[in-house]
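In what follows, a structure is listed as structure tokens, so that the remarks can point back to it.
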Amino acid sequence: MRLIRTPSMAALTAFEAAARHESFTLAARELSVTESAISRQIHLLEESLNVSLFVRVKQRVILTRPGRLYSEQVRASLRALEQDTRAIAAHGSGRGNLELAVLPTFALEWLIPRLPAFYARYPDIRINMGVRTAPFSFENEHFDVAIHHGKAIWPHATLEFLFGERMVAIAREDLIGGPLTHAEDLLGYTLLYSTTRPESWRQWFELAGVDRMPESINSAGFELQSMVVRAAEAGLGIGLVPEFFVPEAAWEKGVIRAHPLSMPAEDSYHLVYPLETRDKYPLQCFREWIHEQAAAFATELELPMQTT
């Protein structure tokens with residue numbers, strides 16, 4: 001029986017980079033080594049495993065099926081090792097990084113402007129942010145915590161309520177000539193919405209007392225709420241967005257409330273984390289701070305509170 005030794009970190013790192021780029025040249029550039037060094041590590045790895053990980057086609061390298069499977073496994077292992085290393089380095093020192101998955105518009109318009117206050121209180125902690133717009137498995141990602149918008153449902157994780165929100169219709173004043181009195185008047189314009197909330201306009205019109213909407217309406221969808229705001233600011237139509245996502249600069253540039261009705265959103269913002277990470281010092285600090293910020297913000301804007 002042939003003994004298979006665990007590959008070296010140098011070989012695994014070279015393979016992961018080469019597999020991700022499907023290029024020895026780009027892998028060498030990323031790792032600041034020579035292309036021949038990458039090629040040598042891959043050769044030793046293939047020889048050790050007795051498996052071809054790449055097919056060489058002219059100037060390109062293409063992953064084989066075993067190579068693609070192994071690259072996914074290696075990438076997950078390296079990510080877990082990196083996360084564990086960060087965690088042990090931060091343990092007991094009061095220092096460390098917090099890996100946060102966040103909604104992009106929420107980060108831009110709400111969280112990032114408040115972070116100076118967090119860093120003033122906790123100068124030894126740094127928050128690294130990545131974008132995630134849907135629930136995911138913490139076991140398969142490097143994140144410690146997430147900000148979630150939606151129902152209080154997330155597999156194998158703890159959710160803590162932050163605050164609700166109100167949706168408002170916005171548009172350029174020179175597009176609509178001033179606030180519209182009747183909800184039906186909005187149907188004469190292109191209705192802008194976030195594709196993450198496809199039913200928002202229907203819900204708004206129902207709340208406004210419009211029992212029957214036309215079968216076909218002129219609408220345009222955008223993935224991010226910030227895109228809806230910018231589209232309304234550009235005069236593309238009337239957008240339906242959370243009011244606190246509209247920056248002060250947009251109001252100053254001629255954006256107005258297109259109709260006085262504001263709609264409490266069905267869903268809320270939550271802090272989400274795996275129960276086993278609750279005692280991590282960076283998470284404890286961030287959790288305490290963001291709950292303070294959320295409570296003050298909800299009180300100031302009289303936002304919808306959690307219902308039981």
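Going through the structure tokens in order, the chains are called A, B, and so on, while each chain numbers its residues from 1 and the ligands are numbered from 1 in the order shown.
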Item to check | Per-residue DSSP, stretch 194-266 of chain A, filtered to strand (DSSP E), as a PyMOL selection string | outcome: chain A and resi 194+219-222+238-242+255-264
Next on the checklist: Quick one: residues within 9 Å of A:Thr64, only C-alpha atoms, excluding same-chain residues fewer than 6 positions away - as JSON, numbers by chain?
Outcome noted: {"A": [52, 53, 54, 55]}
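Of the listed residues (A:Thr181, A:Gln225, A:Thr299, A:Thr190), A:Thr181 comes nearest to A:Pro260; the distances count only C-alpha atoms.
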Which residues of stretch 180-286 of chain A sit at most 12 Å from stretch 97-110 of chain A, using only C-alpha atoms? Give each one's shortest atom pair and distance in Å (one decimal place), in chain and ascending residue order, as JSON lines.
{"residue": "A:Ser194", "atom": "CA", "partner": "A:Thr105", "partner_atom": "CA", "distance": 11.3}
{"residue": "A:Thr196", "atom": "CA", "partner": "A:Leu103", "partner_atom": "CA", "distance": 11.3}
{"residue": "A:Glu223", "atom": "CA", "partner": "A:Pro104", "partner_atom": "CA", "distance": 10.4}
{"residue": "A:Leu224", "atom": "CA", "partner": "A:Thr105", "partner_atom": "CA", "distance": 6.8}
{"residue": "A:Gln225", "atom": "CA", "partner": "A:Thr105", "partner_atom": "CA", "distance": 6.2}
{"residue": "A:Ser226", "atom": "CA", "partner": "A:Thr105", "partner_atom": "CA", "distance": 5.6}
{"residue": "A:Met227", "atom": "CA", "partner": "A:Thr105", "partner_atom": "CA", "distance": 8.9}
{"residue": "A:Val228", "atom": "CA", "partner": "A:Thr105", "partner_atom": "CA", "distance": 10.4}
{"residue": "A:Val229", "atom": "CA", "partner": "A:Thr105", "partner_atom": "CA", "distance": 10.1}
{"residue": "A:Arg230", "atom": "CA", "partner": "A:Thr105", "partner_atom": "CA", "distance": 11.6}
{"residue": "A:Val241", "atom": "CA", "partner": "A:Thr105", "partner_atom": "CA", "distance": 10.9}
{"residue": "A:Pro242", "atom": "CA", "partner": "A:Phe106", "partner_atom": "CA", "distance": 10.1}
{"residue": "A:Glu243", "atom": "CA", "partner": "A:Glu109", "partner_atom": "CA", "distance": 10.8}
{"residue": "A:Phe244", "atom": "CA", "partner": "A:Glu109", "partner_atom": "CA", "distance": 7.7}
{"residue": "A:Phe245", "atom": "CA", "partner": "A:Glu109", "partner_atom": "CA", "distance": 5.8}
{"residue": "A:Val246", "atom": "CA", "partner": "A:Glu109", "partner_atom": "CA", "distance": 7.9}
{"residue": "A:Pro247", "atom": "CA", "partner": "A:Glu109", "partner_atom": "CA", "distance": 7.0}
{"residue": "A:Glu248", "atom": "CA", "partner": "A:Glu109", "partner_atom": "CA", "distance": 10.1}
{"residue": "A:Ala249", "atom": "CA", "partner": "A:Glu109", "partner_atom": "CA", "distance": 11.5}
{"residue": "A:Tyr269", "atom": "CA", "partner": "A:Phe106", "partner_atom": "CA", "distance": 9.6}
{"residue": "A:His270", "atom": "CA", "partner": "A:Val102", "partner_atom": "CA", "distance": 10.7}
{"residue": "A:Leu271", "atom": "CA", "partner": "A:Val102", "partner_atom": "CA", "distance": 9.8}
{"residue": "A:Val272", "atom": "CA", "partner": "A:Ala101", "partner_atom": "CA", "distance": 9.4}
{"residue": "A:Tyr273", "atom": "CA", "partner": "A:Leu100", "partner_atom": "CA", "distance": 9.7}
{"residue": "A:Thr277", "atom": "CA", "partner": "A:Leu98", "partner_atom": "CA", "distance": 11.0}
{"residue": "A:Lys280", "atom": "CA", "partner": "A:Leu98", "partner_atom": "CA", "distance": 9.3}
{"residue": "A:Tyr281", "atom": "CA", "partner": "A:Leu98", "partner_atom": "CA", "distance": 9.3}
{"residue": "A:Pro282", "atom": "CA", "partner": "A:Leu98", "partner_atom": "CA", "distance": 5.9}
{"residue": "A:Leu283", "atom": "CA", "partner": "A:Leu98", "partner_atom": "CA", "distance": 6.7}
{"residue": "A:Gln284", "atom": "CA", "partner": "A:Leu98", "partner_atom": "CA", "distance": 10.2}
{"residue": "A:Cys285", "atom": "CA", "partner": "A:Leu98", "partner_atom": "CA", "distance": 9.9}
{"residue": "A:Phe286", "atom": "CA", "partner": "A:Leu98", "partner_atom": "CA", "distance": 8.4}
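Taking atom CA of A:Pro7 as the reference point, atom CA of A:Arg29 is found at 21.8 Å.
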Checklist entry - DSSP on the backbone: what in stretch 56-189 of chain A comes out helix (DSSP H, G or I), as a ChimeraX atom specification? => result /A:65-90,104-121,138-140,173-176,183-188
Checklist entry - Hey, what's within 12 Å of A:Glu22 if we count only C-alpha atoms and toss same-chain stuff fewer than 3 positions away? As a list in words, please? => result Ala14, Phe15, Glu16, Ala17, Ala18, Ala19, Thr25, Leu26, Ala27, Ala28, Ile38, Leu53, Phe54, Val55, Arg56, Val57, Gln59, Arg60, Val61, Ile62, Leu63, Thr64, Gly67, Arg68 and Ser71 of chain A
Output for the residues just chosen: N, CA and C atoms as a PDB file, in the first residue's frame:
ATOM      1  N   ALA A  14       0.043  27.049  -3.667  1.00  0.00           N
ATOM      2  CA  ALA A  14       0.302  27.223  -5.098  1.00  0.00           C
ATOM      3  C   ALA A  14      -0.827  26.619  -5.924  1.00  0.00           C
ATOM      4  N   PHE A  15      -1.273  25.421  -5.529  1.00  0.00           N
ATOM      5  CA  PHE A  15      -2.352  24.765  -6.267  1.00  0.00           C
ATOM      6  C   PHE A  15      -3.656  25.560  -6.183  1.00  0.00           C
ATOM      7  N   GLU A  16      -4.008  26.036  -4.990  1.00  0.00           N
ATOM      8  CA  GLU A  16      -5.261  26.791  -4.829  1.00  0.00           C
ATOM      9  C   GLU A  16      -5.264  28.031  -5.704  1.00  0.00           C
ATOM     10  N   ALA A  17      -4.156  28.771  -5.718  1.00  0.00           N
ATOM     11  CA  ALA A  17      -4.086  29.983  -6.542  1.00  0.00           C
ATOM     12  C   ALA A  17      -4.130  29.646  -8.028  1.00  0.00           C
ATOM     13  N   ALA A  18      -3.391  28.611  -8.429  1.00  0.00           N
ATOM     14  CA  ALA A  18      -3.383  28.218  -9.839  1.00  0.00           C
ATOM     15  C   ALA A  18      -4.751  27.720 -10.283  1.00  0.00           C
ATOM     16  N   ALA A  19      -5.437  26.987  -9.397  1.00  0.00           N
ATOM     17  CA  ALA A  19      -6.768  26.474  -9.729  1.00  0.00           C
ATOM     18  C   ALA A  19      -7.781  27.606  -9.845  1.00  0.00           C
ATOM     19  N   THR A  25       0.774  31.679 -14.382  1.00  0.00           N
ATOM     20  CA  THR A  25       1.331  33.037 -14.422  1.00  0.00           C
ATOM     21  C   THR A  25       0.657  33.930 -13.389  1.00  0.00           C
ATOM     22  N   LEU A  26      -0.686  33.912 -13.361  1.00  0.00           N
ATOM     23  CA  LEU A  26      -1.415  34.756 -12.419  1.00  0.00           C
ATOM     24  C   LEU A  26      -1.216  34.274 -10.981  1.00  0.00           C
ATOM     25  N   ALA A  27      -1.102  32.963 -10.799  1.00  0.00           N
ATOM     26  CA  ALA A  27      -0.845  32.432  -9.463  1.00  0.00           C
ATOM     27  C   ALA A  27       0.518  32.890  -8.955  1.00  0.00           C
ATOM     28  N   ALA A  28       1.513  32.853  -9.836  1.00  0.00           N
ATOM     29  CA  ALA A  28       2.853  33.299  -9.455  1.00  0.00           C
ATOM     30  C   ALA A  28       2.851  34.780  -9.095  1.00  0.00           C
ATOM     31  N   ILE A  38       5.722  27.777  -9.163  1.00  0.00           N
ATOM     32  CA  ILE A  38       4.346  27.264  -9.148  1.00  0.00           C
ATOM     33  C   ILE A  38       4.280  25.932  -9.872  1.00  0.00           C
ATOM     34  N   LEU A  53      -3.930  17.009 -12.076  1.00  0.00           N
ATOM     35  CA  LEU A  53      -4.816  18.073 -11.600  1.00  0.00           C
ATOM     36  C   LEU A  53      -5.135  19.077 -12.686  1.00  0.00           C
ATOM     37  N   PHE A  54      -4.244  19.207 -13.651  1.00  0.00           N
ATOM     38  CA  PHE A  54      -4.433  20.142 -14.757  1.00  0.00           C
ATOM     39  C   PHE A  54      -4.177  19.432 -16.086  1.00  0.00           C
ATOM     40  N   VAL A  55      -4.829  19.944 -17.111  1.00  0.00           N
ATOM     41  CA  VAL A  55      -4.516  19.575 -18.489  1.00  0.00           C
ATOM     42  C   VAL A  55      -3.841  20.767 -19.120  1.00  0.00           C
ATOM     43  N   ARG A  56      -2.670  20.567 -19.706  1.00  0.00           N
ATOM     44  CA  ARG A  56      -1.952  21.659 -20.355  1.00  0.00           C
ATOM     45  C   ARG A  56      -2.390  21.747 -21.812  1.00  0.00           C
ATOM     46  N   VAL A  57      -2.964  22.874 -22.189  1.00  0.00           N
ATOM     47  CA  VAL A  57      -3.423  23.112 -23.557  1.00  0.00           C
ATOM     48  C   VAL A  57      -2.739  24.369 -24.071  1.00  0.00           C
ATOM     49  N   GLN A  59      -0.831  27.393 -24.198  1.00  0.00           N
ATOM     50  CA  GLN A  59      -0.340  28.291 -23.146  1.00  0.00           C
ATOM     51  C   GLN A  59      -1.248  28.317 -21.924  1.00  0.00           C
ATOM     52  N   ARG A  60      -2.277  27.459 -21.912  1.00  0.00           N
ATOM     53  CA  ARG A  60      -3.248  27.477 -20.821  1.00  0.00           C
ATOM     54  C   ARG A  60      -3.171  26.215 -19.989  1.00  0.00           C
ATOM     55  N   VAL A  61      -3.668  26.293 -18.761  1.00  0.00           N
ATOM     56  CA  VAL A  61      -3.861  25.107 -17.926  1.00  0.00           C
ATOM     57  C   VAL A  61      -5.333  25.059 -17.526  1.00  0.00           C
ATOM     58  N   ILE A  62      -5.912  23.883 -17.644  1.00  0.00           N
ATOM     59  CA  ILE A  62      -7.331  23.703 -17.343  1.00  0.00           C
ATOM     60  C   ILE A  62      -7.464  22.595 -16.309  1.00  0.00           C
ATOM     61  N   LEU A  63      -8.265  22.844 -15.296  1.00  0.00           N
ATOM     62  CA  LEU A  63      -8.469  21.848 -14.246  1.00  0.00           C
ATOM     63  C   LEU A  63      -9.120  20.587 -14.792  1.00  0.00           C
ATOM     64  N   THR A  64      -8.618  19.446 -14.364  1.00  0.00           N
ATOM     65  CA  THR A  64      -9.314  18.194 -14.643  1.00  0.00           C
ATOM     66  C   THR A  64     -10.477  18.067 -13.660  1.00  0.00           C
ATOM     67  N   GLY A  67      -9.103  17.561 -10.338  1.00  0.00           N
ATOM     68  CA  GLY A  67      -8.470  18.811  -9.931  1.00  0.00           C
ATOM     69  C   GLY A  67      -9.475  19.822  -9.441  1.00  0.00           C
ATOM     70  N   ARG A  68     -10.616  19.895 -10.114  1.00  0.00           N
ATOM     71  CA  ARG A  68     -11.648  20.848  -9.702  1.00  0.00           C
ATOM     72  C   ARG A  68     -12.225  20.473  -8.338  1.00  0.00           C
ATOM     73  N   SER A  71      -9.600  21.200  -5.703  1.00  0.00           N
ATOM     74  CA  SER A  71      -9.411  22.642  -5.486  1.00  0.00           C
ATOM     75  C   SER A  71     -10.470  23.195  -4.552  1.00  0.00           C
TER      76      SER A  71
END
Give me the residues within 10 Å of A:Gly237 as a PDB file with N, CA, C and O atoms, in the first residue's frame, counting only C-alpha atoms and dropping any in the same chain fewer than 5 places off.
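Heads up, here's the output in selection26.pdb:
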ATOM      1  N   ILE A 170     -39.952  57.825  -3.680  1.00  0.00           N
ATOM      2  CA  ILE A 170     -39.136  59.011  -3.939  1.00  0.00           C
ATOM      3  C   ILE A 170     -38.981  59.229  -5.442  1.00  0.00           C
ATOM      4  O   ILE A 170     -39.046  58.282  -6.233  1.00  0.00           O
ATOM      5  N   ALA A 171     -38.792  60.490  -5.817  1.00  0.00           N
ATOM      6  CA  ALA A 171     -38.590  60.835  -7.226  1.00  0.00           C
ATOM      7  C   ALA A 171     -38.000  62.234  -7.315  1.00  0.00           C
ATOM      8  O   ALA A 171     -38.026  62.999  -6.339  1.00  0.00           O
ATOM      9  N   ARG A 172     -37.487  62.561  -8.463  1.00  0.00           N
ATOM     10  CA  ARG A 172     -37.036  63.935  -8.694  1.00  0.00           C
ATOM     11  C   ARG A 172     -38.248  64.850  -8.777  1.00  0.00           C
ATOM     12  O   ARG A 172     -39.249  64.531  -9.432  1.00  0.00           O
ATOM     13  N   LEU A 175     -39.383  65.754 -12.179  1.00  0.00           N
ATOM     14  CA  LEU A 175     -40.014  64.682 -12.952  1.00  0.00           C
ATOM     15  C   LEU A 175     -41.507  64.637 -12.707  1.00  0.00           C
ATOM     16  O   LEU A 175     -42.301  64.487 -13.651  1.00  0.00           O
ATOM     17  N   ILE A 176     -41.919  64.793 -11.445  1.00  0.00           N
ATOM     18  CA  ILE A 176     -43.336  64.616 -11.107  1.00  0.00           C
ATOM     19  C   ILE A 176     -44.032  65.940 -10.790  1.00  0.00           C
ATOM     20  O   ILE A 176     -45.252  65.968 -10.607  1.00  0.00           O
ATOM     21  N   LEU A 186     -49.210  57.642  -9.310  1.00  0.00           N
ATOM     22  CA  LEU A 186     -47.875  57.063  -9.442  1.00  0.00           C
ATOM     23  C   LEU A 186     -47.796  56.064 -10.584  1.00  0.00           C
ATOM     24  O   LEU A 186     -46.709  55.800 -11.123  1.00  0.00           O
ATOM     25  N   GLY A 188     -48.626  56.391 -13.477  1.00  0.00           N
ATOM     26  CA  GLY A 188     -48.271  57.028 -14.740  1.00  0.00           C
ATOM     27  C   GLY A 188     -46.776  57.153 -14.946  1.00  0.00           C
ATOM     28  O   GLY A 188     -46.329  57.688 -15.972  1.00  0.00           O
ATOM     29  N   TYR A 189     -45.984  56.675 -13.996  1.00  0.00           N
ATOM     30  CA  TYR A 189     -44.519  56.770 -14.079  1.00  0.00           C
ATOM     31  C   TYR A 189     -43.906  55.371 -13.982  1.00  0.00           C
ATOM     32  O   TYR A 189     -44.565  54.411 -13.569  1.00  0.00           O
ATOM     33  N   THR A 190     -42.653  55.270 -14.371  1.00  0.00           N
ATOM     34  CA  THR A 190     -41.927  54.015 -14.198  1.00  0.00           C
ATOM     35  C   THR A 190     -41.695  53.784 -12.708  1.00  0.00           C
ATOM     36  O   THR A 190     -41.182  54.659 -12.009  1.00  0.00           O
ATOM     37  N   LEU A 191     -42.063  52.608 -12.235  1.00  0.00           N
ATOM     38  CA  LEU A 191     -41.925  52.276 -10.825  1.00  0.00           C
ATOM     39  C   LEU A 191     -40.623  51.496 -10.628  1.00  0.00           C
ATOM     40  O   LEU A 191     -40.435  50.419 -11.202  1.00  0.00           O
ATOM     41  N   LEU A 192     -39.736  52.045  -9.824  1.00  0.00           N
ATOM     42  CA  LEU A 192     -38.423  51.458  -9.585  1.00  0.00           C
ATOM     43  C   LEU A 192     -38.453  50.670  -8.272  1.00  0.00           C
ATOM     44  O   LEU A 192     -39.013  51.142  -7.293  1.00  0.00           O
ATOM     45  N   TYR A 193     -37.825  49.497  -8.262  1.00  0.00           N
ATOM     46  CA  TYR A 193     -37.871  48.666  -7.064  1.00  0.00           C
ATOM     47  C   TYR A 193     -36.620  47.793  -6.975  1.00  0.00           C
ATOM     48  O   TYR A 193     -35.895  47.604  -7.956  1.00  0.00           O
ATOM     49  N   ASN A 218     -45.454  49.896 -15.959  1.00  0.00           N
ATOM     50  CA  ASN A 218     -44.101  50.196 -16.393  1.00  0.00           C
ATOM     51  C   ASN A 218     -43.197  50.185 -15.158  1.00  0.00           C
ATOM     52  O   ASN A 218     -43.371  50.995 -14.255  1.00  0.00           O
ATOM     53  N   SER A 219     -42.261  49.247 -15.109  1.00  0.00           N
ATOM     54  CA  SER A 219     -41.409  49.121 -13.925  1.00  0.00           C
ATOM     55  C   SER A 219     -39.996  48.743 -14.335  1.00  0.00           C
ATOM     56  O   SER A 219     -39.752  48.278 -15.447  1.00  0.00           O
ATOM     57  N   ALA A 220     -39.075  48.941 -13.405  1.00  0.00           N
ATOM     58  CA  ALA A 220     -37.680  48.558 -13.618  1.00  0.00           C
ATOM     59  C   ALA A 220     -37.091  48.093 -12.296  1.00  0.00           C
ATOM     60  O   ALA A 220     -37.255  48.761 -11.273  1.00  0.00           O
ATOM     61  N   VAL A 228     -31.634  51.705  -6.687  1.00  0.00           N
ATOM     62  CA  VAL A 228     -32.975  52.286  -6.818  1.00  0.00           C
ATOM     63  C   VAL A 228     -32.927  53.773  -6.483  1.00  0.00           C
ATOM     64  O   VAL A 228     -33.521  54.609  -7.182  1.00  0.00           O
ATOM     65  N   ALA A 231     -31.246  55.598  -9.316  1.00  0.00           N
ATOM     66  CA  ALA A 231     -32.122  55.643 -10.485  1.00  0.00           C
ATOM     67  C   ALA A 231     -33.190  56.721 -10.319  1.00  0.00           C
ATOM     68  O   ALA A 231     -33.500  57.467 -11.259  1.00  0.00           O
ATOM     69  N   ALA A 232     -33.768  56.816  -9.122  1.00  0.00           N
ATOM     70  CA  ALA A 232     -34.740  57.878  -8.853  1.00  0.00           C
ATOM     71  C   ALA A 232     -34.072  59.243  -8.922  1.00  0.00           C
ATOM     72  O   ALA A 232     -34.635  60.203  -9.461  1.00  0.00           O
TER      73      ALA A 232
END
Checklist entry - Which residues come within 10 Å of stretch 256-259 of chain A, counting only C-alpha atoms, excluding same-chain residues fewer than 2 positions away, as a PyMOL selection string? => result chain A and resi 168-183+185-186+232-233+238-240+243+250-254+261-262
